[in-house]
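Next comes query.cif, a file with mmCIF, C-alpha atoms.
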```cif
data_start
loop_
_atom_site.label_atom_id
_atom_site.label_comp_id
_atom_site.auth_asym_id
_atom_site.auth_seq_id
_atom_site.Cartn_x
_atom_site.Cartn_y
_atom_site.Cartn_z
CA MET A 6 79.48 122.33 101.10
CA ALA A 7 82.98 123.48 102.03
CA GLU A 8 85.55 123.37 99.28
CA LEU A 9 88.40 120.92 99.65
CA PRO A 10 91.90 122.42 99.84
CA GLU A 11 93.84 122.49 96.59
CA GLY A 12 96.19 119.53 96.27
CA THR A 13 99.77 120.37 97.19
CA VAL A 14 101.26 116.87 97.45
CA THR A 15 100.61 113.96 95.09
CA PHE A 16 100.58 110.49 96.63
CA GLY A 17 100.76 107.31 94.57
CA VAL A 18 100.18 103.62 95.26
CA PHE A 19 100.93 100.66 93.00
CA ASN A 20 99.54 97.16 92.72
CA GLU A 21 101.64 95.06 95.10
CA THR A 22 103.53 92.34 93.24
CA SER A 23 104.67 90.01 96.07
CA GLU A 24 103.42 86.45 95.66
CA HIS A 25 101.58 86.28 98.99
CA GLU A 26 100.39 89.89 99.16
CA SER A 27 96.72 90.79 98.86
CA ARG A 28 96.78 94.09 100.75
CA VAL A 29 96.93 97.57 99.29
CA ALA A 30 98.50 100.67 100.85
CA LEU A 31 95.54 102.97 100.08
CA THR A 32 91.81 102.38 100.52
CA PRO A 33 88.95 104.57 99.23
CA ASP A 34 87.98 106.01 102.61
CA ILE A 35 91.58 107.12 103.17
CA VAL A 36 91.54 108.84 99.78
CA ALA A 37 88.77 111.07 101.09
CA ARG A 38 90.68 111.76 104.31
CA LEU A 39 93.85 112.69 102.45
CA ARG A 40 91.96 115.09 100.18
CA LYS A 41 91.08 117.09 103.28
CA SER A 42 94.81 117.46 103.94
CA GLY A 43 95.46 118.70 100.41
CA VAL A 44 96.80 115.38 99.09
CA VAL A 45 95.97 114.23 95.55
CA CYS A 46 95.87 110.42 95.31
CA LEU A 47 96.90 108.30 92.33
CA ILE A 48 96.35 104.55 92.33
CA GLU A 49 97.26 101.92 89.77
CA ALA A 50 94.27 100.26 88.12
CA GLY A 51 93.36 97.00 89.85
CA ALA A 52 95.52 97.66 92.91
CA GLY A 53 92.67 97.20 95.37
CA GLU A 54 90.87 94.26 93.76
CA ALA A 55 92.48 91.57 95.95
CA SER A 56 91.19 93.51 98.97
CA ASP A 57 87.71 93.96 97.45
CA TYR A 58 88.17 97.64 96.61
CA THR A 59 87.25 98.41 92.98
CA ASP A 60 88.63 101.10 90.69
CA GLU A 61 85.16 102.65 90.76
CA ASP A 62 85.35 102.87 94.58
CA TYR A 63 88.60 104.82 94.30
CA ALA A 64 87.29 107.11 91.58
CA LYS A 65 84.18 107.92 93.62
CA ALA A 66 86.39 108.78 96.59
CA GLY A 67 88.35 111.26 94.47
CA ALA A 68 91.44 109.28 93.45
CA GLN A 69 92.82 109.19 89.92
CA VAL A 70 92.96 105.59 88.72
CA THR A 71 95.85 105.35 86.29
CA ASP A 72 98.87 103.31 85.21
CA ALA A 73 102.22 102.79 86.91
CA ALA A 74 104.14 105.02 84.53
CA THR A 75 101.86 107.99 85.27
CA ILE A 76 102.25 107.44 88.99
CA VAL A 77 106.04 107.39 88.68
CA SER A 78 106.04 110.62 86.68
CA LYS A 79 103.61 112.57 88.88
CA ALA A 80 103.81 111.30 92.46
CA ASP A 81 105.79 113.18 95.10
CA ALA A 82 105.40 110.28 97.54
CA LEU A 83 104.71 106.57 97.14
CA GLY A 84 103.19 104.21 99.71
CA PHE A 85 103.93 100.48 99.88
CA VAL A 86 102.80 97.48 101.87
CA ASP A 87 106.30 96.08 101.40
CA ARG A 88 108.92 98.06 99.44
CA PRO A 89 109.72 98.96 95.81
CA ASP A 90 111.88 96.57 93.84
CA GLU A 91 115.16 97.55 92.19
CA ARG A 92 113.60 98.10 88.76
CA LEU A 93 111.05 100.55 90.13
CA ILE A 94 113.68 102.38 92.17
CA ALA A 95 115.72 102.94 89.01
CA ASN A 96 112.72 104.66 87.37
CA LEU A 97 111.86 106.97 90.27
CA ARG A 98 112.46 110.69 89.95
CA PRO A 99 115.09 112.12 92.32
CA GLY A 100 113.31 113.69 95.25
CA THR A 101 110.49 111.12 95.31
CA TRP A 102 109.53 109.97 98.80
CA VAL A 103 109.03 106.25 99.53
CA ILE A 104 107.07 105.06 102.59
CA GLY A 105 107.05 101.38 103.54
CA MET A 106 108.58 98.52 105.49
CA LEU A 107 112.00 98.87 103.88
CA GLY A 108 114.06 96.28 105.76
CA SER A 109 116.48 98.97 106.88
CA PHE A 110 117.74 96.99 109.88
CA THR A 111 119.22 94.19 107.79
CA ASP A 112 119.53 95.42 104.19
CA ALA A 113 121.99 98.32 104.13
CA ASP A 114 122.67 97.80 100.40
CA TYR A 115 119.01 98.39 99.59
CA ILE A 116 118.90 101.63 101.59
CA GLU A 117 122.12 102.76 99.91
CA GLN A 118 120.48 102.12 96.53
CA LEU A 119 117.58 104.37 97.47
CA ASP A 120 120.02 107.04 98.57
CA ARG A 121 122.02 106.84 95.33
CA HIS A 122 118.86 107.47 93.33
CA GLY A 123 118.04 110.55 95.37
CA VAL A 124 114.98 108.97 96.98
CA THR A 125 113.85 110.09 100.43
CA ALA A 126 113.10 106.82 102.21
CA VAL A 127 110.78 106.61 105.23
CA ALA A 128 111.18 103.23 106.97
CA ILE A 129 108.04 102.31 108.90
CA GLU A 130 109.93 99.66 110.87
CA ARG A 131 111.88 102.46 112.56
CA LEU A 132 108.84 104.27 113.91
CA PRO A 133 109.43 105.21 117.58
CA ARG A 134 106.31 103.39 118.73
CA GLN A 135 106.60 104.54 122.33
CA LEU A 136 105.72 108.13 121.36
CA SER A 137 102.05 109.04 121.73
CA ALA A 138 102.24 111.03 118.48
CA ALA A 139 103.28 107.85 116.65
CA GLN A 140 100.38 105.64 117.70
CA SER A 141 98.21 106.25 114.63
CA MET A 142 101.21 105.53 112.36
CA ASP A 143 102.03 102.18 113.94
CA GLU A 144 101.64 99.65 111.15
CA MET A 145 103.25 96.92 113.24
CA THR A 146 100.51 97.17 115.86
CA SER A 147 97.63 97.27 113.38
CA GLN A 148 98.90 94.39 111.25
CA ASN A 149 100.00 92.23 114.18
CA SER A 150 96.50 92.51 115.60
CA VAL A 151 95.09 91.11 112.35
CA MET A 152 97.81 88.45 112.30
CA GLY A 153 97.01 87.22 115.81
CA TYR A 154 93.30 86.96 115.00
CA LYS A 155 93.95 84.96 111.83
CA ALA A 156 96.54 82.71 113.51
CA ALA A 157 93.89 81.34 115.86
CA LEU A 158 91.57 80.61 112.93
CA VAL A 159 94.33 78.90 110.94
CA ALA A 160 95.20 76.74 113.96
CA ALA A 161 91.55 75.83 114.50
CA ASN A 162 91.18 74.85 110.86
CA ALA A 163 94.26 72.60 110.96
CA TYR A 164 93.42 70.94 114.28
CA GLY A 165 91.61 67.61 114.00
CA SER A 166 89.06 68.22 116.74
CA PHE A 167 86.83 70.93 118.22
CA LEU A 168 88.23 73.92 120.04
CA PRO A 169 85.29 74.26 122.47
CA MET A 170 83.99 71.50 124.67
CA MET A 171 81.17 69.71 122.87
CA THR A 172 78.58 67.43 124.41
CA THR A 173 77.11 65.07 121.83
CA ALA A 174 74.98 61.92 121.84
CA ALA A 175 78.19 59.98 121.36
CA GLY A 176 79.92 61.56 124.33
CA THR A 177 81.65 64.74 125.47
CA ILE A 178 84.62 66.15 123.57
CA ARG A 179 87.10 68.00 125.77
CA PRO A 180 88.13 71.53 124.77
CA ALA A 181 91.43 72.08 123.01
CA LYS A 182 94.34 73.31 125.09
CA VAL A 183 96.03 76.26 123.36
CA LEU A 184 99.39 77.81 124.28
CA ILE A 185 100.30 81.27 122.98
CA LEU A 186 104.02 82.06 123.13
CA GLY A 187 104.55 85.82 123.00
CA ALA A 188 101.96 88.13 124.55
CA GLY A 189 102.43 91.26 122.49
CA ILE A 190 99.77 92.72 120.19
CA ALA A 191 99.48 89.58 118.04
CA GLY A 192 99.60 87.24 121.02
CA LEU A 193 96.87 89.08 122.90
CA GLN A 194 94.63 89.03 119.84
CA ALA A 195 95.30 85.30 119.39
CA ILE A 196 94.39 84.74 123.04
CA GLY A 197 91.12 86.62 122.69
CA THR A 198 90.16 84.83 119.48
CA ALA A 199 91.02 81.35 120.80
CA LYS A 200 89.02 82.11 123.96
CA ARG A 201 86.01 83.16 121.90
CA LEU A 202 86.28 79.89 120.00
CA GLY A 203 85.99 78.03 123.29
CA ALA A 204 89.54 76.76 123.82
CA VAL A 205 91.31 76.59 127.17
CA VAL A 206 94.06 79.17 126.65
CA THR A 207 97.42 79.60 128.36
CA ALA A 208 100.07 82.12 127.37
CA TYR A 209 103.67 82.95 128.16
CA ASP A 210 105.96 85.89 127.60
CA VAL A 211 109.42 86.60 128.97
CA ARG A 212 108.19 90.02 130.14
CA PRO A 213 106.78 89.58 133.67
CA ALA A 214 104.51 92.60 133.16
CA SER A 215 102.61 90.70 130.47
CA GLN A 216 101.05 88.35 133.04
CA GLY A 217 98.40 90.90 133.98
CA GLU A 218 97.45 91.47 130.34
CA VAL A 219 97.16 87.72 129.71
CA GLU A 220 94.98 87.15 132.76
CA SER A 221 92.78 90.14 131.95
CA LEU A 222 91.68 88.27 128.82
CA GLY A 223 90.70 85.21 130.84
CA ALA A 224 93.75 83.12 129.94
CA LYS A 225 96.21 81.47 132.30
CA PHE A 226 99.84 82.57 132.48
CA LEU A 227 102.17 79.60 132.02
CA ASP A 228 103.89 78.68 135.28
CA LEU A 229 107.36 77.40 134.51
CA GLY A 230 108.08 76.48 138.12
CA LEU A 231 111.22 78.63 138.13
CA ASP A 232 112.17 81.54 140.37
CA PHE A 233 114.60 84.10 138.99
CA SER A 234 113.56 86.85 141.38
CA LYS A 235 116.65 86.76 143.60
CA GLY A 236 118.97 89.70 143.11
CA GLN A 237 118.36 92.80 141.09
CA GLY A 238 120.10 94.93 138.52
CA GLU A 239 121.51 98.40 138.88
CA GLY A 240 119.11 101.15 139.93
CA GLY A 241 116.55 98.69 141.26
CA TYR A 242 115.62 97.32 137.83
CA ALA A 243 115.16 93.63 137.16
CA ARG A 244 118.44 92.02 136.21
CA ALA A 245 119.04 90.22 132.95
CA LEU A 246 118.95 86.44 133.09
CA THR A 247 122.26 84.60 132.93
CA PRO A 248 122.84 82.20 130.01
CA GLU A 249 122.24 79.30 132.42
CA GLU A 250 118.93 80.78 133.55
CA GLN A 251 117.88 81.40 129.94
CA ALA A 252 118.60 77.75 129.15
CA GLN A 253 116.52 76.65 132.16
CA GLN A 254 113.68 78.90 131.01
CA GLN A 255 113.71 77.48 127.46
CA ALA A 256 113.86 73.91 128.72
CA ALA A 257 110.87 74.57 130.98
CA VAL A 258 108.84 76.02 128.08
CA ASP A 259 109.69 72.99 125.93
CA ASP A 260 108.62 70.63 128.73
CA LYS A 261 105.34 72.46 129.41
CA ALA A 262 104.49 72.58 125.68
CA ALA A 263 103.90 68.82 125.67
CA GLY A 264 100.57 69.32 127.44
CA PHE A 265 99.00 71.42 124.66
CA ASP A 266 97.14 70.62 121.47
CA ILE A 267 97.82 73.91 119.66
CA ILE A 268 100.76 76.29 120.00
CA ILE A 269 100.84 79.74 118.38
CA THR A 270 104.08 81.75 118.37
CA THR A 271 103.85 85.47 117.67
CA ALA A 272 107.24 87.11 118.33
CA LYS A 273 107.76 88.66 114.89
CA VAL A 274 110.48 91.33 114.69
CA PRO A 275 110.41 93.43 111.47
CA GLY A 276 113.56 92.93 109.41
CA ARG A 277 115.38 90.97 112.10
CA LYS A 278 115.90 87.34 113.08
CA PRO A 279 113.03 86.29 115.37
CA PRO A 280 113.78 84.69 118.74
CA VAL A 281 113.35 80.93 119.12
CA LEU A 282 110.47 80.26 121.52
CA LEU A 283 110.06 76.52 120.92
CA THR A 284 113.01 74.25 120.15
CA LYS A 285 113.05 71.00 118.21
CA ARG A 286 113.01 69.22 121.56
CA GLY A 287 109.78 71.00 122.40
CA VAL A 288 108.23 70.09 119.04
CA ASP A 289 109.28 66.45 119.41
CA GLY A 290 107.51 66.35 122.77
CA LEU A 291 104.11 67.27 121.28
CA HIS A 292 101.53 64.57 120.69
CA ARG A 293 100.56 63.34 117.23
CA GLY A 294 97.94 65.66 115.74
CA ALA A 295 99.18 68.75 117.57
CA VAL A 296 99.34 71.97 115.55
CA VAL A 297 101.97 74.71 115.71
CA VAL A 298 101.43 78.06 113.95
CA ASP A 299 104.63 80.12 113.67
CA CYS A 300 103.72 83.69 112.73
CA ALA A 301 107.38 84.70 112.51
CA ALA A 302 108.58 82.10 109.99
CA SER A 303 110.72 83.65 107.26
CA GLU A 304 114.01 83.30 105.43
CA LEU A 305 115.62 84.61 108.64
CA GLY A 306 114.19 81.73 110.70
CA GLY A 307 111.20 81.57 113.00
CA ASN A 308 110.01 81.26 116.58
CA VAL A 309 109.98 77.48 116.16
CA GLU A 310 113.27 75.75 115.54
CA GLY A 311 113.28 74.29 112.03
CA SER A 312 110.10 76.01 110.85
CA ALA A 313 109.81 77.44 107.35
CA VAL A 314 107.17 79.29 105.37
CA GLY A 315 104.42 76.82 104.48
CA THR A 316 103.10 73.64 106.10
CA GLN A 317 105.16 70.66 107.15
CA THR A 318 104.44 67.55 109.21
CA THR A 319 107.09 66.07 111.47
CA GLU A 320 107.83 62.36 111.77
CA GLY A 321 105.92 62.48 115.04
CA GLY A 322 102.77 63.73 113.31
CA VAL A 323 102.95 67.37 114.43
CA THR A 324 101.76 69.95 111.89
CA ILE A 325 103.93 73.09 111.76
CA ILE A 326 102.49 76.02 109.80
CA GLY A 327 104.95 78.80 109.00
CA ALA A 328 102.60 81.72 108.33
CA PRO A 329 104.13 85.21 108.14
CA TYR A 330 101.49 86.43 105.66
CA LEU A 331 98.40 86.02 107.81
CA ALA A 332 97.47 89.73 107.77
CA SER A 333 97.28 89.52 103.99
CA GLU A 334 94.63 86.81 104.33
CA VAL A 335 92.32 89.32 106.03
CA SER A 336 93.11 91.80 103.29
CA THR A 337 90.06 94.08 103.37
CA THR A 338 90.37 95.08 107.01
CA ALA A 339 94.17 94.79 107.08
CA SER A 340 94.42 97.17 104.10
CA ASN A 341 92.09 99.66 105.73
CA LEU A 342 94.16 99.73 108.92
CA LEU A 343 97.49 99.80 107.09
CA SER A 344 96.44 102.61 104.76
CA ARG A 345 95.48 104.73 107.77
CA ASN A 346 98.98 104.19 109.18
CA VAL A 347 100.68 105.11 105.89
CA ALA A 348 98.43 108.14 105.37
CA ASP A 349 99.15 109.48 108.84
CA ILE A 350 102.88 109.08 108.23
CA LEU A 351 102.54 110.98 104.95
CA VAL A 352 100.56 113.82 106.53
CA HIS A 353 103.10 114.04 109.36
CA PHE A 354 105.80 114.94 106.84
CA ILE A 355 103.72 117.61 105.06
CA LYS A 356 104.83 120.97 106.36
CA ASP A 357 103.57 124.23 104.82
CA GLY A 358 102.15 122.38 101.84
CA ALA A 359 105.27 120.38 100.97
CA LEU A 360 107.10 117.26 102.08
CA ALA A 361 109.95 118.07 104.44
CA VAL A 362 112.00 116.67 107.29
CA ASP A 363 112.13 118.51 110.59
CA PRO A 364 115.63 117.97 112.07
CA SER A 365 114.24 118.54 115.57
CA ASP A 366 111.40 116.01 115.29
CA GLU A 367 112.11 112.61 116.87
CA ILE A 368 109.82 110.76 114.47
CA ASP A 369 111.43 112.38 111.43
CA GLN A 370 114.94 111.59 112.54
CA ALA A 371 114.11 107.99 113.40
CA MET A 372 112.26 107.09 110.20
CA VAL A 373 114.08 108.87 107.36
CA VAL A 374 116.89 106.51 106.34
CA ALA A 375 117.86 107.89 102.94
CA GLY A 376 117.60 111.14 100.96
CA ASN A 377 116.25 113.89 103.23
CA LYS A 378 115.77 116.44 100.43
CA PRO A 379 114.71 120.04 101.17
CA ALA A 380 110.98 120.70 100.90
CA GLN A 381 111.18 122.68 97.67
CA GLU A 382 112.88 119.78 95.92
CA THR A 383 110.31 117.17 96.95
CA LYS A 384 107.15 119.08 96.07
CA GLY A 385 105.41 118.08 92.85
CA GLU A 386 105.70 120.21 89.81
#
```

Render the structure in this file as structure tokens.
Amino acid sequence: MAELPEGTVTFGVFNETSEHESRVALTPDIVARLRKSGVVCLIEAGAGEASDYTDEDYAKAGAQVTDAATIVSKADALGFVDRPDERLIANLRPGTWVIGMLGSFTDADYIEQLDRHGVTAVAIERLPRQLSAAQSMDEMTSQNSVMGYKAALVAANAYGSFLPMMTTAAGTIRPAKVLILGAGIAGLQAIGTAKRLGAVVTAYDVRPASQGEVESLGAKFLDLGLDFSKGQGEGGYARALTPEEQAQQQAAVDDKAAGFDIIITTAKVPGRKPPVLLTKRGVDGLHRGAVVVDCAASELGGNVEGSAVGTQTTEGGVTIIGAPYLASEVSTTASNLLSRNVADILVHFIKDGALAVDPSDEIDQAMVVAGNKPAQETKGE
């Protein structure tokens, strides 16, 4: 059996403390993968339990199961599902690397705090996803896929009838009509899941190119009855819609929404205010018993006007479920996918056996938002 390389970088993961978080940023199979890259893994006792990974699983994979204080004192890099809180930041050694969704687009004070403490901060939300080299690091894609799958199940559970057509002795029940607003990674997964459950699925996205992807999954693309094709932008590209055209588009979506039983909105933008895809007028037009699942609901707003985290019922009997934590509800698989993303980001920054930033690398320059210490200062002692 070939010997594993001697550990040159120590990577630590804590038990996530957020109220709705069940995921963990390191799973046992990723421990084994990281060992092959010369990474020693430390994990806080109990960190994987909510995702059904035991301390024994980690120990068998080669990780050291320990306490938070030991991780702080020994780890060169730390991985998070979310981000470290202020108390933890204050205890970190200068030169420690932090990898997570850091909210760098909207929380400049937080990033400045990391910088003041000498922490090298790698913001996953800034990953240049269009680069082929970044695909395996793309946490947004992996977690949105889980989110879209779960959104369809949550909607089905809240809806007061069947999703598929059912023929019974008492009569035939028509299939549910489902509208997916936003046909990105989460939306496409929601389409596929709702189709497998037997619903009649329609989807809409402002990107015309998404129509082919929607139809390839067997769903219909929502026809708004509008034509904005006249004229073009500079260089032959499609022109941007005028404010009047945008208003017509939104009004058409709101009108069309009235014909659906379930609406799932999936346009979640990390760290930024999500776009409104369904207004209050659109919600008011839905029939009693309709269900809306807003995957983007947060303190910054949501895709549905007036939505909030949690479940609410309008005066018209429409159930609105603000559910930004859906990936956490499929924690075993979501953790496995997320930990692969975090591990690949970590390995990307290991150069000649130490953590370092390459000034010429597009990924490095995009993601490092604080610190940027030389390699010899970030390597473990």

What separation in Å, quoted to one decimal, exists between atom CA of Tyr115 of chain A and atom CA of Gly189 of chain A? 29.2 Å

Give me the result of the PyMOL selection byres ((chain A and resi 180-185) around 9) on this file, residue by residue, as a PyMOL selection string. chain A and resi 166-171+178-179+186-188+192-193+195-196+199+203-210+227+262+264-271

I'd like the interatomic distance between atom CA of Leu97 of chain A and atom CA of Asn20 of chain A, to a tenth of an Å.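 Straight-line distance from atom CA of Leu97 of chain A to atom CA of Asn20 of chain A works out to 15.9 Å.
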
Let me make sure I understand: among A:Thr15, A:Thr71, A:Asn162, A:Ser365, which one has the smallest atom-to-atom distance to Trp102 of chain A if we use only C-alpha atoms?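 Of A:Thr15, A:Thr71, A:Asn162, A:Ser365, the one nearest Trp102 of chain A, counting only C-alpha atoms, is A:Thr15.
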
Residue contacts of Lys285 of chain A (9 Å, all atoms listed in the file) excluding same-chain residues fewer than 4 positions away, as a ChimeraX atom specification: /A:259,289-290,309-311

Using Å and a single decimal, report how far atom CA of Gly327 of chain A sits from atom CA of Thr198 of chain A. 19.1 Å

Close residues, Thr59 of chain A itself excluded, 12 Å, only C-alpha atoms, min 5 positions apart in chain, as a compact mmCIF listing (two decimals) with C-alpha atoms, keeping the file's coordinate frame:
```
# COMPACT_ATOMS: atom_id res chain seq x y z
CA VAL A 29 96.93 97.57 99.29
CA LEU A 31 95.54 102.97 100.08
CA THR A 32 91.81 102.38 100.52
CA PRO A 33 88.95 104.57 99.23
CA ILE A 48 96.35 104.55 92.33
CA GLU A 49 97.26 101.92 89.77
CA ALA A 50 94.27 100.26 88.12
CA GLY A 51 93.36 97.00 89.85
CA ALA A 52 95.52 97.66 92.91
CA GLY A 53 92.67 97.20 95.37
CA GLU A 54 90.87 94.26 93.76
CA ALA A 64 87.29 107.11 91.58
CA LYS A 65 84.18 107.92 93.62
CA ALA A 66 86.39 108.78 96.59
CA ALA A 68 91.44 109.28 93.45
CA VAL A 70 92.96 105.59 88.72
CA THR A 337 90.06 94.08 103.37
```

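On the file presented, the PyMOL selection byres ((chain A and resi 335) around 9) picks out Ser27, Arg28, Ser56, Val151, Met152, Lys155, Leu331, Ala332, Ser333, Glu334, Ser336, Thr337, Thr338, Ala339 and Ser340 of chain A.
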
Within 10 Å of Ala30 of chain A, counting only C-alpha atoms, which residues show up once you throw out same-chain ones fewer than 2 positions away? Write them as a list in words, please.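 My reading of the contact set: Gly17, Val18, Phe19, Asn20, Glu21, Arg28, Thr32, Ile35, Ile48, Ala52, Gly53, Leu83, Gly84, Phe85, Val86, Asp87, Ile104, Gly105, Ala339, Ser340, Asn341, Leu342, Leu343, Ser344, Arg345, Asn346, Val347 and Ala348 of chain A.
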
Let me see the file: selected residues, C-alpha atoms, as a tab-separated table (two decimals), keeping the file's coordinate frame.
```tsv
chain	number	residue	atom	x	y	z
A	17	GLY	CA	100.76	107.31	94.57
A	18	VAL	CA	100.18	103.62	95.26
A	19	PHE	CA	100.93	100.66	93.00
A	20	ASN	CA	99.54	97.16	92.72
A	21	GLU	CA	101.64	95.06	95.10
A	28	ARG	CA	96.78	94.09	100.75
A	32	THR	CA	91.81	102.38	100.52
A	35	ILE	CA	91.58	107.12	103.17
A	48	ILE	CA	96.35	104.55	92.33
A	52	ALA	CA	95.52	97.66	92.91
A	53	GLY	CA	92.67	97.20	95.37
A	83	LEU	CA	104.71	106.57	97.14
A	84	GLY	CA	103.19	104.21	99.71
A	85	PHE	CA	103.93	100.48	99.88
A	86	VAL	CA	102.80	97.48	101.87
A	87	ASP	CA	106.30	96.08	101.40
A	104	ILE	CA	107.07	105.06	102.59
A	105	GLY	CA	107.05	101.38	103.54
A	339	ALA	CA	94.17	94.79	107.08
A	340	SER	CA	94.42	97.17	104.10
A	341	ASN	CA	92.09	99.66	105.73
A	342	LEU	CA	94.16	99.73	108.92
A	343	LEU	CA	97.49	99.80	107.09
A	344	SER	CA	96.44	102.61	104.76
A	345	ARG	CA	95.48	104.73	107.77
A	346	ASN	CA	98.98	104.19	109.18
A	347	VAL	CA	100.68	105.11	105.89
A	348	ALA	CA	98.43	108.14	105.37
```

Could you spell out the hits of the PyMOL selection byres ((chain A and resi 99) around 9) on the shown file, as a JSON list (two decimals) with C-alpha atoms, in the frame of the given file?
```
[["chain", "number", "residue", "atom", "x", "y", "z"],
["A", 97, "LEU", "CA", 111.86, 106.97, 90.27],
["A", 98, "ARG", "CA", 112.46, 110.69, 89.95],
["A", 100, "GLY", "CA", 113.31, 113.69, 95.25],
["A", 101, "THR", "CA", 110.49, 111.12, 95.31],
["A", 102, "TRP", "CA", 109.53, 109.97, 98.80],
["A", 122, "HIS", "CA", 118.86, 107.47, 93.33],
["A", 123, "GLY", "CA", 118.04, 110.55, 95.37],
["A", 124, "VAL", "CA", 114.98, 108.97, 96.98],
["A", 125, "THR", "CA", 113.85, 110.09, 100.43],
["A", 382, "GLU", "CA", 112.88, 119.78, 95.92],
["A", 383, "THR", "CA", 110.31, 117.17, 96.95]]
```

Given all atoms listed in the file as the basis, pick out the residue of A:Asp34, A:Asp369, A:Gly306, A:Ser23 nearest to Tyr58 of chain A.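 Among the listed residues, the smallest separation from Tyr58 of chain A belongs to A:Asp34.
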